[in-house]
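Enquirer: This is coords33.cif (mmCIF, C-alpha atoms).
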data_structure
loop_
_atom_site.label_atom_id
_atom_site.label_comp_id
_atom_site.auth_asym_id
_atom_site.auth_seq_id
_atom_site.Cartn_x
_atom_site.Cartn_y
_atom_site.Cartn_z
CA GLY A 19 95.23 125.60 102.01
CA GLN A 20 95.98 122.88 99.56
CA GLN A 21 95.70 119.37 100.94
CA VAL A 22 96.83 116.17 99.34
CA MET A 23 94.90 113.07 100.39
CA GLN A 24 96.57 109.68 100.02
CA ILE A 25 95.08 106.18 100.25
CA PRO A 26 95.38 103.51 101.45
CA GLN A 27 97.23 104.24 104.69
CA TYR A 28 98.52 100.66 104.86
CA GLN A 29 99.08 98.06 102.18
CA HIS A 30 99.99 94.47 103.02
CA VAL A 31 101.13 92.71 99.87
CA GLN A 32 102.11 89.16 99.03
CA GLU A 33 105.51 89.04 97.36
CA GLY A 34 105.04 88.96 93.61
CA GLU A 35 101.68 90.74 93.64
CA ASP A 36 100.92 94.23 92.36
CA PHE A 37 99.56 97.20 94.30
CA THR A 38 98.61 100.82 93.77
CA THR A 39 98.61 103.88 96.01
CA TYR A 40 96.52 106.92 95.16
CA CYS A 41 96.86 110.62 95.78
CA ASN A 42 94.02 113.15 95.36
CA SER A 43 93.64 116.89 95.61
CA SER A 44 90.56 119.12 95.51
CA THR A 45 92.53 121.73 93.58
CA THR A 46 94.58 121.58 90.39
CA LEU A 47 98.22 120.80 91.09
CA SER A 48 101.16 122.39 89.30
CA ASN A 49 103.15 119.21 89.77
CA ILE A 50 103.29 116.16 91.97
CA GLN A 51 106.26 114.36 93.48
CA TRP A 52 106.68 110.89 94.94
CA TYR A 53 109.05 109.90 97.73
CA LYS A 54 109.94 106.60 99.40
CA GLN A 55 111.01 106.31 103.03
CA ARG A 56 112.43 102.99 104.20
CA PRO A 57 111.91 102.01 107.87
CA GLY A 58 114.40 104.01 109.94
CA GLY A 59 115.44 106.02 106.89
CA HIS A 60 114.76 109.36 105.31
CA PRO A 61 112.52 110.32 102.36
CA VAL A 62 114.13 109.68 98.99
CA PHE A 63 112.87 111.54 95.93
CA LEU A 64 111.57 109.15 93.26
CA ILE A 65 110.01 111.29 90.55
CA GLN A 66 108.18 114.48 89.61
CA LEU A 67 105.21 114.64 87.24
CA VAL A 68 104.26 117.93 85.63
CA LYS A 69 102.12 117.37 82.54
CA SER A 70 98.45 116.43 82.39
CA GLY A 71 98.06 112.69 81.78
CA GLU A 72 101.79 112.09 82.18
CA VAL A 73 102.96 108.51 82.75
CA LYS A 74 106.50 107.65 83.81
CA LYS A 75 108.08 104.29 84.56
CA GLN A 76 111.02 103.31 86.73
CA LYS A 77 111.56 99.57 86.37
CA ARG A 78 108.57 98.01 88.22
CA LEU A 79 107.16 101.40 89.33
CA THR A 80 104.63 103.27 87.16
CA PHE A 81 103.66 106.83 88.07
CA GLN A 82 100.65 108.58 86.59
CA PHE A 83 99.34 112.15 86.74
CA GLY A 84 95.63 112.59 86.05
CA GLU A 85 94.26 114.47 83.08
CA ALA A 86 92.78 117.14 85.35
CA LYS A 87 96.05 117.31 87.37
CA LYS A 88 94.11 116.62 90.57
CA ASN A 89 95.18 113.04 91.18
CA SER A 90 98.13 110.74 90.83
CA SER A 91 98.93 107.09 91.33
CA LEU A 92 101.93 104.86 91.93
CA HIS A 93 101.60 101.26 90.74
CA ILE A 94 104.19 98.64 91.67
CA THR A 95 104.24 95.33 89.84
CA ALA A 96 105.66 92.05 91.16
CA THR A 97 106.31 93.43 94.62
CA GLN A 98 109.63 92.53 96.23
CA THR A 99 110.82 92.75 99.83
CA THR A 100 112.94 95.74 98.78
CA ASP A 101 109.70 97.66 98.15
CA VAL A 102 108.97 97.79 101.89
CA GLY A 103 108.59 101.34 103.19
CA THR A 104 106.30 104.34 103.18
CA TYR A 105 105.47 106.02 99.89
CA PHE A 106 104.53 109.71 100.05
CA CYS A 107 103.06 111.87 97.36
CA ALA A 108 103.73 115.60 97.69
CA ALA A 109 102.66 118.69 95.82
CA HIS A 110 103.68 122.33 95.51
CA PRO A 111 101.25 125.17 95.80
CA ASN A 112 101.86 127.52 92.89
CA ASN A 113 104.80 129.90 93.18
CA ASP A 114 105.82 128.55 96.57
CA TYR A 115 108.64 126.39 97.88
CA LYS A 116 106.31 124.70 100.34
CA LEU A 117 105.82 121.00 99.70
CA SER A 118 102.58 119.54 101.04
CA PHE A 119 102.89 115.80 101.79
CA GLY A 120 100.17 113.19 101.70
CA ALA A 121 99.79 110.99 104.79
CA GLY A 122 101.73 108.19 103.10
CA THR A 123 101.07 104.55 102.26
CA THR A 124 103.06 102.12 104.40
CA VAL A 125 103.80 98.91 102.52
CA THR A 126 104.67 95.58 104.10
CA VAL A 127 105.51 92.50 102.06
CA ARG A 128 104.75 88.87 102.94
CA ALA A 129 107.40 86.53 101.59
CA ASP B 5 128.21 115.16 95.26
CA THR B 6 124.49 114.36 95.48
CA GLU B 7 124.32 114.05 99.22
CA VAL B 8 122.88 116.09 102.06
CA THR B 9 124.71 115.52 105.33
CA GLN B 10 123.39 116.17 108.82
CA THR B 11 125.04 116.14 112.21
CA PRO B 12 124.61 114.82 114.78
CA LYS B 13 122.72 111.62 113.95
CA HIS B 14 121.33 111.37 117.46
CA LEU B 15 120.90 114.01 120.15
CA VAL B 16 119.61 113.78 123.69
CA MET B 17 119.09 117.06 125.50
CA GLY B 18 117.47 118.43 128.59
CA MET B 19 114.86 121.16 128.53
CA THR B 20 117.37 123.79 129.65
CA ASN B 21 120.08 122.90 127.14
CA LYS B 22 121.13 124.78 124.03
CA LYS B 23 122.18 122.70 121.03
CA SER B 24 122.49 123.07 117.28
CA LEU B 25 121.72 120.82 114.35
CA LYS B 26 123.82 121.17 111.22
CA CYS B 27 123.14 120.45 107.56
CA GLU B 28 125.36 120.70 104.50
CA GLN B 29 124.86 120.24 100.76
CA HIS B 30 127.21 120.74 97.82
CA MET B 31 124.76 120.33 94.96
CA GLY B 32 124.45 124.06 94.34
CA HIS B 33 120.82 124.02 95.45
CA ARG B 34 119.51 127.47 96.35
CA ALA B 35 116.62 126.31 98.52
CA MET B 36 117.14 124.57 101.86
CA TYR B 37 114.53 123.27 104.28
CA TRP B 38 114.02 122.08 107.83
CA TYR B 39 111.32 119.49 108.50
CA LYS B 40 110.11 117.80 111.65
CA GLN B 41 108.84 114.24 111.40
CA LYS B 42 107.02 112.31 114.10
CA ALA B 43 106.70 108.53 113.94
CA LYS B 44 104.28 107.25 111.29
CA LYS B 45 103.62 110.80 110.04
CA PRO B 46 104.74 112.71 106.94
CA PRO B 47 107.47 115.35 107.19
CA GLU B 48 106.14 118.66 108.50
CA LEU B 49 107.73 121.79 107.07
CA MET B 50 109.32 124.18 109.57
CA PHE B 51 111.47 126.64 107.60
CA VAL B 52 112.51 127.37 104.03
CA TYR B 53 115.60 129.34 103.00
CA SER B 54 115.84 130.64 99.47
CA TYR B 55 119.12 132.21 98.35
CA GLU B 56 120.21 132.21 102.00
CA LYS B 57 117.20 134.24 103.11
CA LEU B 58 114.34 132.93 105.23
CA SER B 59 111.33 132.75 102.94
CA ILE B 60 108.92 130.55 104.88
CA ASN B 61 108.44 130.11 108.63
CA GLU B 62 105.55 127.78 109.34
CA SER B 63 104.64 129.43 112.65
CA VAL B 64 107.38 127.53 114.44
CA PRO B 65 107.93 128.35 118.15
CA SER B 66 110.84 130.70 118.84
CA ARG B 67 112.69 127.98 120.74
CA PHE B 68 113.68 126.82 117.22
CA SER B 69 115.98 129.32 115.49
CA PRO B 70 117.22 128.67 111.95
CA GLU B 71 120.37 130.10 110.42
CA CYS B 72 121.83 129.94 106.92
CA PRO B 73 125.49 131.02 107.08
CA ASN B 74 126.07 130.41 103.36
CA SER B 75 124.54 128.66 100.36
CA SER B 76 125.80 125.23 101.48
CA LEU B 77 125.06 125.30 105.20
CA LEU B 78 121.92 125.33 107.28
CA ASN B 79 121.73 125.29 111.06
CA LEU B 80 118.87 124.85 113.50
CA HIS B 81 119.52 126.25 116.97
CA LEU B 82 117.57 124.66 119.78
CA HIS B 83 116.86 126.22 123.17
CA ALA B 84 114.47 125.38 126.00
CA LEU B 85 112.80 122.57 124.10
CA GLN B 86 109.87 120.54 125.39
CA PRO B 87 109.55 116.72 125.46
CA GLU B 88 106.94 116.97 122.68
CA ASP B 89 109.67 118.37 120.42
CA SER B 90 111.28 114.93 120.32
CA ALA B 91 111.24 113.85 116.69
CA LEU B 92 113.33 113.22 113.58
CA TYR B 93 114.59 116.54 112.20
CA LEU B 94 115.24 116.42 108.48
CA CYS B 95 117.14 118.85 106.33
CA ALA B 96 116.52 118.98 102.58
CA SER B 97 117.67 120.96 99.60
CA SER B 98 116.35 121.54 96.11
CA GLN B 99 116.63 123.67 93.07
CA PHE B 100 113.40 125.70 93.25
CA ASP B 101 110.31 123.45 92.87
CA THR B 102 112.11 120.31 91.71
CA GLY B 103 112.56 117.20 93.82
CA GLN B 104 113.97 117.66 97.29
CA PHE B 105 117.03 115.78 98.52
CA PHE B 106 116.79 114.86 102.17
CA GLY B 107 119.58 114.27 104.65
CA PRO B 108 119.55 111.24 106.98
CA GLY B 109 118.10 113.35 109.80
CA THR B 110 118.87 113.98 113.45
CA ARG B 111 116.88 111.91 115.90
CA LEU B 112 116.23 114.25 118.82
CA THR B 113 115.11 113.23 122.28
CA VAL B 114 114.19 115.92 124.80
CA LEU B 115 114.16 114.78 128.42
#
Please render this file's structure as structure tokens.
Expert:
Amino acid sequence: GQQVMQIPQYQHVQEGEDFTTYCNSSTTLSNIQWYKQRPGGHPVFLIQLVKSGEVKKQKRLTFQFGEAKKNSSLHITATQTTDVGTYFCAAHPNNDYKLSFGAGTTVTVRA
Amino acid sequence: DTEVTQTPKHLVMGMTNKKSLKCEQHMGHRAMYWYKQKAKKPPELMFVYSYEKLSINESVPSRFSPECPNSSLLNLHLHALQPEDSALYLCASSQFDTGQFFGPGTRLTVL
């Protein structure tokens, strides 16, 4: 079945620095979604990308979908303590409600 | 109302008990989901209901029994659970293959 691989597993960032988390698939994806889960919380939907090469921004977060629709990235600029949490990418197999999650990138921030 | 609610927040049960988890959404979403999440792992899909009918069962043991009484409610009936079933149980809803809205979860401990 479709698997979504996500790296890195952990990201320790100095406050104010930038970082990127990557998501890769061996098969073409119909869309990709990103979620954030704060410690002790539940996943919160951030965004969905559908088009090849699509780039979307939410304040300091930039989401990108690869031209071949097999990879995606989330780039955060000027990291803040509020960015702490685990970021998951997730993708749908075609014509299915099932959402396949990546392993997640857990972000910690050094003040 | 853009919220998914779940009750109870915490549940401790013995292996011979019968209990139920409840989930409610009023966003008009026609797909509802149950996930199981272990610590430091991504959510793992258990069941999907589409238009109040079970559409996906991810080979979940029969000691977990889902029920969808109407388009807003989703229950998960628990019976004869094992200690390894202790986890965070998340409910989510969505409109087809768009982003999923998760509830806060029920943290279950099986003694």
Enquirer: Using all atoms listed in the file, can you tell me which of B:Ser24, B:Gln41, B:Ser63, B:Gln86 comes closest to chain A?
Expert: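 Among B:Ser24, B:Gln41, B:Ser63, B:Gln86, it is B:Gln41 that comes nearest to chain A.
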Enquirer: As an exercise, work out the distance from CA of Thr45 in chain A to CA of Val52 in chain B in Å and give it to one decimal place.
Expert: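 Those two atoms sit 23.2 Å apart.
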Enquirer: Select, as a list of chain:residue names, those residues of chain A with any atom no more than 8 Å from chain B (distances computed using all atoms listed in the file).
Expert: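 Putting it all together, I get A:Gln51, A:Gly59, A:His60, A:Pro61, A:Val62, A:Phe63, A:Ile65, A:Gln66, A:Phe106, A:His110, A:Asp114, A:Tyr115, A:Lys116, A:Leu117, A:Phe119, A:Gly120, A:Ala121, A:Gly122.
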Enquirer: Name every residue that the PyMOL selection byres ((chain B and resi 10) around 7) selects in this structure, writing the answer as a PyMOL selection string with chains first and numbers rising.
Expert: chain B and resi 8-9+11-13+26-28+107-110
Enquirer: Using the selection just defined, write its residues with C-alpha atoms as a tab-separated table (two decimals), in the frame of the given file.
Expert:
chain	number	residue	atom	x	y	z
B	8	VAL	CA	122.88	116.09	102.06
B	9	THR	CA	124.71	115.52	105.33
B	11	THR	CA	125.04	116.14	112.21
B	12	PRO	CA	124.61	114.82	114.78
B	13	LYS	CA	122.72	111.62	113.95
B	26	LYS	CA	123.82	121.17	111.22
B	27	CYS	CA	123.14	120.45	107.56
B	28	GLU	CA	125.36	120.70	104.50
B	107	GLY	CA	119.58	114.27	104.65
B	108	PRO	CA	119.55	111.24	106.98
B	109	GLY	CA	118.10	113.35	109.80
B	110	THR	CA	118.87	113.98	113.45
Enquirer: From the list A:Gln82, A:Thr124, A:Thr100, A:Ser91, which residue is nearest Thr39 in chain A when using all atoms listed in the file?
Expert: A:Ser91
Enquirer: On this file, the PyMOL selection byres ((chain B and resi 112) around 9) gives some set of residues; write that set as a ChimeraX atom specification.
Expert: /B:13-17,89-93,110-111,113-114
Enquirer: Nearest to Ser76 in chain B among B:Ser97, B:Leu115, B:Met19, B:Tyr39, with distances taken over all atoms listed in the file: which residue is it?
Expert: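 That would be B:Ser97, the residue with the smallest distance to Ser76 in chain B.
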Enquirer: When you draw a straight line from CA of Leu79 in chain A to CA of Ala129 in chain A, how long is it in Å?
Expert: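 Between these atoms lies a distance of 19.3 Å.
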Enquirer: Quick one: of B:Gly18, B:Glu7, B:Leu80, B:Ser69, who's nearest to Met31 in chain B, counting only C-alpha atoms?
Expert: B:Glu7
Enquirer: Using the file's own x, y and z axes, so that the box edges lie along x, y and z, what centre and edge lengths in Å (one decimal) does a box around every listed atom of range 36-48 of chain B get when 8 Å is added on each side? Give it as JSON.
Expert:
{"center_x": 110.4, "center_y": 115.9, "center_z": 108.0, "size_x": 29.5, "size_y": 33.3, "size_z": 28.2}
Enquirer: Convert the output of the PyMOL selection byres ((chain A and resi 36) around 7) on the shown file into explicit residues, formatted as a list in words.
Expert: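 Given this file, the PyMOL selection byres ((chain A and resi 36) around 7) evaluates to Gly34, Glu35, Phe37, Ile94, Thr95, Ala96 and Thr97 of chain A.
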Enquirer: Provide the CA of Tyr55 in chain B to CA of Ser75 in chain B distance in Å, to one decimal place.
Expert: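 Between these atoms lies a distance of 6.8 Å.
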Enquirer: For each of B:Thr20, B:Glu56, B:Lys40, B:Pro65, take the minimum atom-to-atom distance to Leu78 in chain B, counting all atoms listed in the file, then give the residue where this is smallest.
Expert: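 Closest to Leu78 in chain B of all the choices is B:Glu56.
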Enquirer: What's the 10 Å shell around Arg67 in chain B, counting all atoms listed in the file, without same-chain residues fewer than 2 positions away, as a CSV table (one decimal) with C-alpha atoms, in the frame of the given file?
Expert:
chain,number,residue,atom,x,y,z
B,22,LYS,CA,121.1,124.8,124.0
B,64,VAL,CA,107.4,127.5,114.4
B,65,PRO,CA,107.9,128.4,118.2
B,69,SER,CA,116.0,129.3,115.5
B,70,PRO,CA,117.2,128.7,112.0
B,81,HIS,CA,119.5,126.2,117.0
B,82,LEU,CA,117.6,124.7,119.8
B,83,HIS,CA,116.9,126.2,123.2
B,84,ALA,CA,114.5,125.4,126.0
B,85,LEU,CA,112.8,122.6,124.1
B,86,GLN,CA,109.9,120.5,125.4
Enquirer: Near Val125 in chain A, within 8 Å and counting only C-alpha atoms, which residues show up once chain neighbours fewer than 2 positions away are dropped, as a ChimeraX atom specification?
Expert: /A:28-31,101-105,123,127
Enquirer: Quick one: of A:Thr80, A:Ser70, A:Gln98, A:Gln27, who's nearest to Trp52 in chain A, counting only C-alpha atoms?
Expert: A:Thr80
Enquirer: Missing atoms in range 12-23 of chain B: fill them in up to all heavy atoms and send the result as an mmCIF file, in the frame of the given file.
Expert:
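The resulting file, rebuild02.cif, is reproduced below:
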data_model
loop_
_atom_site.group_PDB
_atom_site.id
_atom_site.type_symbol
_atom_site.label_atom_id
_atom_site.label_comp_id
_atom_site.auth_asym_id
_atom_site.auth_seq_id
_atom_site.Cartn_x
_atom_site.Cartn_y
_atom_site.Cartn_z
ATOM 1 N N PRO B 12 124.254 116.217 114.536
ATOM 2 C CA PRO B 12 124.610 114.820 114.780
ATOM 3 C C PRO B 12 123.508 113.873 114.298
ATOM 4 O O PRO B 12 122.429 114.326 113.911
ATOM 5 C CB PRO B 12 124.724 114.780 116.308
ATOM 6 C CG PRO B 12 123.713 115.787 116.778
ATOM 7 C CD PRO B 12 123.734 116.893 115.746
ATOM 8 N N LYS B 13 123.745 112.594 114.325
ATOM 9 C CA LYS B 13 122.720 111.620 113.950
ATOM 10 C C LYS B 13 121.702 111.452 115.068
ATOM 11 O O LYS B 13 120.518 111.237 114.822
ATOM 12 C CB LYS B 13 123.368 110.264 113.634
ATOM 13 C CG LYS B 13 124.142 110.269 112.336
ATOM 14 C CD LYS B 13 124.607 108.879 111.980
ATOM 15 C CE LYS B 13 125.342 108.901 110.634
ATOM 16 N NZ LYS B 13 125.838 107.564 110.242
ATOM 17 N N HIS B 14 122.199 111.489 116.289
ATOM 18 C CA HIS B 14 121.330 111.370 117.460
ATOM 19 C C HIS B 14 121.678 112.480 118.440
ATOM 20 O O HIS B 14 122.849 112.860 118.549
ATOM 21 C CB HIS B 14 121.521 110.015 118.162
ATOM 22 C CG HIS B 14 121.234 108.837 117.291
ATOM 23 N ND1 HIS B 14 119.965 108.329 117.130
ATOM 24 C CD2 HIS B 14 122.053 108.075 116.523
ATOM 25 C CE1 HIS B 14 120.020 107.287 116.306
ATOM 26 N NE2 HIS B 14 121.264 107.115 115.919
ATOM 27 N N LEU B 15 120.672 112.973 119.152
ATOM 28 C CA LEU B 15 120.900 114.010 120.150
ATOM 29 C C LEU B 15 119.905 113.844 121.287
ATOM 30 O O LEU B 15 118.701 113.741 121.038
ATOM 31 C CB LEU B 15 120.748 115.400 119.528
ATOM 32 C CG LEU B 15 120.938 116.612 120.442
ATOM 33 C CD1 LEU B 15 122.355 116.629 121.013
ATOM 34 C CD2 LEU B 15 120.674 117.908 119.688
ATOM 35 N N VAL B 16 120.448 113.807 122.497
ATOM 36 C CA VAL B 16 119.610 113.780 123.690
ATOM 37 C C VAL B 16 119.899 115.056 124.460
ATOM 38 O O VAL B 16 121.059 115.363 124.722
ATOM 39 C CB VAL B 16 119.891 112.545 124.571
ATOM 40 C CG1 VAL B 16 119.005 112.566 125.812
ATOM 41 C CG2 VAL B 16 119.672 111.261 123.782
ATOM 42 N N MET B 17 118.875 115.808 124.798
ATOM 43 C CA MET B 17 119.090 117.060 125.500
ATOM 44 C C MET B 17 118.018 117.301 126.542
ATOM 45 O O MET B 17 116.883 116.827 126.417
ATOM 46 C CB MET B 17 119.167 118.236 124.527
ATOM 47 C CG MET B 17 117.944 118.463 123.682
ATOM 48 S SD MET B 17 118.184 119.751 122.428
ATOM 49 C CE MET B 17 118.268 121.225 123.440
ATOM 50 N N GLY B 18 118.409 118.030 127.565
ATOM 51 C CA GLY B 18 117.470 118.430 128.590
ATOM 52 C C GLY B 18 116.742 119.686 128.173
ATOM 53 O O GLY B 18 117.117 120.359 127.212
ATOM 54 N N MET B 19 115.698 120.012 128.896
ATOM 55 C CA MET B 19 114.860 121.160 128.530
ATOM 56 C C MET B 19 115.561 122.499 128.720
ATOM 57 O O MET B 19 115.116 123.508 128.175
ATOM 58 C CB MET B 19 113.546 121.116 129.316
ATOM 59 C CG MET B 19 112.624 119.990 128.864
ATOM 60 S SD MET B 19 110.996 120.072 129.600
ATOM 61 C CE MET B 19 111.353 119.483 131.231
ATOM 62 N N THR B 20 116.670 122.518 129.455
ATOM 63 C CA THR B 20 117.370 123.790 129.650
ATOM 64 C C THR B 20 118.604 123.918 128.749
ATOM 65 O O THR B 20 119.279 124.941 128.764
ATOM 66 C CB THR B 20 117.817 123.937 131.114
ATOM 67 O OG1 THR B 20 118.654 122.817 131.440
ATOM 68 C CG2 THR B 20 116.612 123.966 132.043
ATOM 69 N N ASN B 21 118.874 122.878 127.986
ATOM 70 C CA ASN B 21 120.080 122.900 127.140
ATOM 71 C C ASN B 21 119.912 123.771 125.904
ATOM 72 O O ASN B 21 118.793 124.054 125.465
ATOM 73 C CB ASN B 21 120.423 121.479 126.673
ATOM 74 C CG ASN B 21 120.880 120.573 127.788
ATOM 75 O OD1 ASN B 21 120.803 119.358 127.659
ATOM 76 N ND2 ASN B 21 121.335 121.127 128.879
ATOM 77 N N LYS B 22 121.084 124.156 125.352
ATOM 78 C CA LYS B 22 121.130 124.780 124.030
ATOM 79 C C LYS B 22 121.980 123.895 123.137
ATOM 80 O O LYS B 22 123.104 123.546 123.506
ATOM 81 C CB LYS B 22 121.805 126.154 124.093
ATOM 82 C CG LYS B 22 120.957 127.261 124.650
ATOM 83 C CD LYS B 22 121.707 128.577 124.528
ATOM 84 C CE LYS B 22 120.895 129.724 125.078
ATOM 85 N NZ LYS B 22 121.600 131.019 124.934
ATOM 86 N N LYS B 23 121.450 123.541 121.980
ATOM 87 C CA LYS B 23 122.180 122.700 121.030
ATOM 88 C C LYS B 23 121.899 123.202 119.626
ATOM 89 O O LYS B 23 120.958 123.969 119.402
ATOM 90 C CB LYS B 23 121.744 121.239 121.155
ATOM 91 C CG LYS B 23 122.043 120.589 122.497
ATOM 92 C CD LYS B 23 123.515 120.287 122.646
ATOM 93 C CE LYS B 23 123.776 119.535 123.960
ATOM 94 N NZ LYS B 23 125.227 119.294 124.169
#
